[in-house]
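The structure appears right after this line, and notes come after that.
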Amino acid sequence: MKVYWLYDDGDQPIFYSEPLQSEADETAQSAVARGELREGLRSWAVVRYKSLQKVLQESESGLGLHLRRTWEWLQARISPHESLPRSLRLATSIELYYPTRVTEEEAKEAWSRYLGARWRYHILWFAVNALIAPLTIILIWVPGPNVIGYWFVYRAVCHVLAMLGLRRARLGEIETHFHSSDLLDDNRLETSEEIALLGAKLELKELEAFIKRARVKRFSDEDTTLAVQ
């Protein structure tokens with residue numbers, strides 16, 4: 001798994017990896033079926049994550065189209081930074097690339113701070129969503145799938161998957177190698193052209209979409225809207 005140290009609107013690094021969510025989820029589901037994952041929270045989270053997606057995708061009630069659009073609207077407002085922590089749960093190794101002006105010790109320290117900050121974020125919002133999800137049972141009488149109920153359960157599961165990945169990285173269960181790269185020395189990413197150029201150099205197909213989503217999410221103040229955490 002390749003992770004890149006980037007900058008966007010500030011001196012604080014952004015760690016980015018190409019999305020592996022779909023592939024990771026399919027692998028995890030197969031592993032659960034083969035009994036390779038421990039029973040309990042991990043297997044429950046992976047299986048529940050997939051089943052919730054299936055429920056919404058296959059909804060064909062009179063409200064089905066509206067519900068799917070609502071679900072997609074909510075999905076679009078999830079932080080793009082969640083993809084990396086969730087992918088960590090199945091990573092066998094990490095190749096982390098950082099600018100040459102940064103020392104390896106600084107890169108290790110920044111990576112450690114990142115993992116800690118994301119861990120605190122996900123454990124907080126897991127607790128919030130897990131507490132709210134049972135309260136949505138009153139919506140069972142509303143016609144069609146209980147999208148609100150599904151949403152809070154789904155978000156709790158997403159946070160569990162991210163926490164599993166972050167825990168592995170923080171405990172050193174994933175072998176991590178650090179590499180300096182001069183390709184990352186000038187990566188302020190202020191314009192679409194600069195983003196596209198860096199994406200082409202590093203063969204990062206989703207970089208531009210990630211940066212755009214990250215900026216929109218930041219401007220919308222992600223920590224003030226409970227429903228989309």
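Note on naming: chains are A, B, ... as they come in the structure tokens, residues start from 1 per chain, ligands start from 1 in the order shown.
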
Residues near A:Glu104, cut-off 10 Å, only C-alpha atoms, skip fewer than 6 positions along chain, as an MDAnalysis selection string:
chainID A and resid 97:98 110 177:180

For the selection just defined, write its residues with N, CA and C atoms to a file, as a PDB file, in the first residue's frame.
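Generated output (out02.pdb):
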```pdb
ATOM      1  N   TYR A  97       5.833   7.746   1.194  1.00  0.00           N
ATOM      2  CA  TYR A  97       6.729   8.654   0.473  1.00  0.00           C
ATOM      3  C   TYR A  97       6.540  10.077   0.993  1.00  0.00           C
ATOM      4  N   TYR A  98       7.655  10.765   1.267  1.00  0.00           N
ATOM      5  CA  TYR A  98       7.606  12.114   1.815  1.00  0.00           C
ATOM      6  C   TYR A  98       8.607  13.003   1.083  1.00  0.00           C
ATOM      7  N   ALA A 110       5.187  12.697  11.977  1.00  0.00           N
ATOM      8  CA  ALA A 110       3.962  13.204  11.363  1.00  0.00           C
ATOM      9  C   ALA A 110       2.968  12.068  11.114  1.00  0.00           C
ATOM     10  N   HIS A 177       7.633   1.277   5.548  1.00  0.00           N
ATOM     11  CA  HIS A 177       8.918   1.738   5.019  1.00  0.00           C
ATOM     12  C   HIS A 177       8.769   3.191   4.582  1.00  0.00           C
ATOM     13  N   PHE A 178       9.751   4.014   4.912  1.00  0.00           N
ATOM     14  CA  PHE A 178       9.706   5.434   4.590  1.00  0.00           C
ATOM     15  C   PHE A 178      10.715   5.748   3.486  1.00  0.00           C
ATOM     16  N   HIS A 179      10.248   6.520   2.479  1.00  0.00           N
ATOM     17  CA  HIS A 179      11.095   6.861   1.332  1.00  0.00           C
ATOM     18  C   HIS A 179      10.973   8.352   1.028  1.00  0.00           C
ATOM     19  N   SER A 180      12.098   9.026   0.851  1.00  0.00           N
ATOM     20  CA  SER A 180      12.057  10.422   0.408  1.00  0.00           C
ATOM     21  C   SER A 180      11.886  10.451  -1.108  1.00  0.00           C
TER      22      SER A 180
END
```

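The list of residues with at least one atom within 12 Å of stretch 186-195 of chain A, based on only C-alpha atoms and without residues fewer than 6 positions apart in the same chain, reads Tyr4, Trp5, Leu6, Tyr7, Asp8, Asp9, Gly10, Asp11, Gln12, Pro13, Ile14, Tyr98, Pro99, Thr100, Arg101, Lys201, Leu202, Glu203, Leu204, Lys205, Glu206, Leu207, Glu208, Ala209, Phe210, Ile211, Lys212 and Arg215 of chain A.
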
Please write the residues from the selection above to a file, keeping C-alpha atoms, as an mmCIF file, in the first residue's frame.
```cif
data_model
loop_
_atom_site.group_PDB
_atom_site.id
_atom_site.type_symbol
_atom_site.label_atom_id
_atom_site.label_comp_id
_atom_site.auth_asym_id
_atom_site.auth_seq_id
_atom_site.Cartn_x
_atom_site.Cartn_y
_atom_site.Cartn_z
ATOM 1 C CA TYR A 4 1.979 9.950 -0.044
ATOM 2 C CA TRP A 5 2.737 13.042 2.040
ATOM 3 C CA LEU A 6 0.978 15.974 0.357
ATOM 4 C CA TYR A 7 0.245 19.592 1.227
ATOM 5 C CA ASP A 8 -3.027 21.405 0.601
ATOM 6 C CA ASP A 9 -3.712 24.926 1.859
ATOM 7 C CA GLY A 10 -1.252 24.934 4.736
ATOM 8 C CA ASP A 11 1.909 23.425 6.126
ATOM 9 C CA GLN A 12 0.253 20.426 7.724
ATOM 10 C CA PRO A 13 0.702 17.225 5.705
ATOM 11 C CA ILE A 14 -2.137 15.297 4.155
ATOM 12 C CA TYR A 98 7.606 12.114 1.815
ATOM 13 C CA PRO A 99 9.352 15.259 0.438
ATOM 14 C CA THR A 100 13.150 15.331 0.525
ATOM 15 C CA ARG A 101 13.155 18.475 2.698
ATOM 16 C CA LYS A 201 3.760 11.753 -12.255
ATOM 17 C CA LEU A 202 2.745 9.445 -9.426
ATOM 18 C CA GLU A 203 0.036 7.598 -11.395
ATOM 19 C CA LEU A 204 -2.642 8.649 -8.911
ATOM 20 C CA LYS A 205 -5.920 8.491 -10.820
ATOM 21 C CA GLU A 206 -8.153 9.648 -7.971
ATOM 22 C CA LEU A 207 -5.984 12.476 -6.614
ATOM 23 C CA GLU A 208 -7.893 15.364 -8.206
ATOM 24 C CA ALA A 209 -11.258 14.035 -7.018
ATOM 25 C CA PHE A 210 -9.829 13.542 -3.517
ATOM 26 C CA ILE A 211 -8.443 17.093 -3.283
ATOM 27 C CA LYS A 212 -11.715 18.600 -4.513
ATOM 28 C CA ARG A 215 -11.649 21.152 0.074
#
```

Atomic separation - atom CA of A:Leu164 relative to atom CA of A:Tyr150, Å
21.0 Å

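Closest approach to A:Arg89 from the set A:Arg167, A:His159, A:Lys2, A:Arg213 is made by A:Arg167, with distances taken over only C-alpha atoms.
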
Using backbone DSSP assignments, extract all strand (DSSP E) residues from stretch 103-217 of chain A; output them as an MDAnalysis selection string.
chainID A and resid 175:181

What separates atom CA of A:Arg77 and atom CA of A:Ile174 is a distance of 29.3 Å

One residue among A:Ala107, A:Ala156, A:Leu115, A:Ala91 is nearest to A:Asn129 when using only C-alpha atoms, and that residue is A:Ala156

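Interatomic distance, atom CA of A:Leu90 against atom CA of A:Val3: 14.2 Å.
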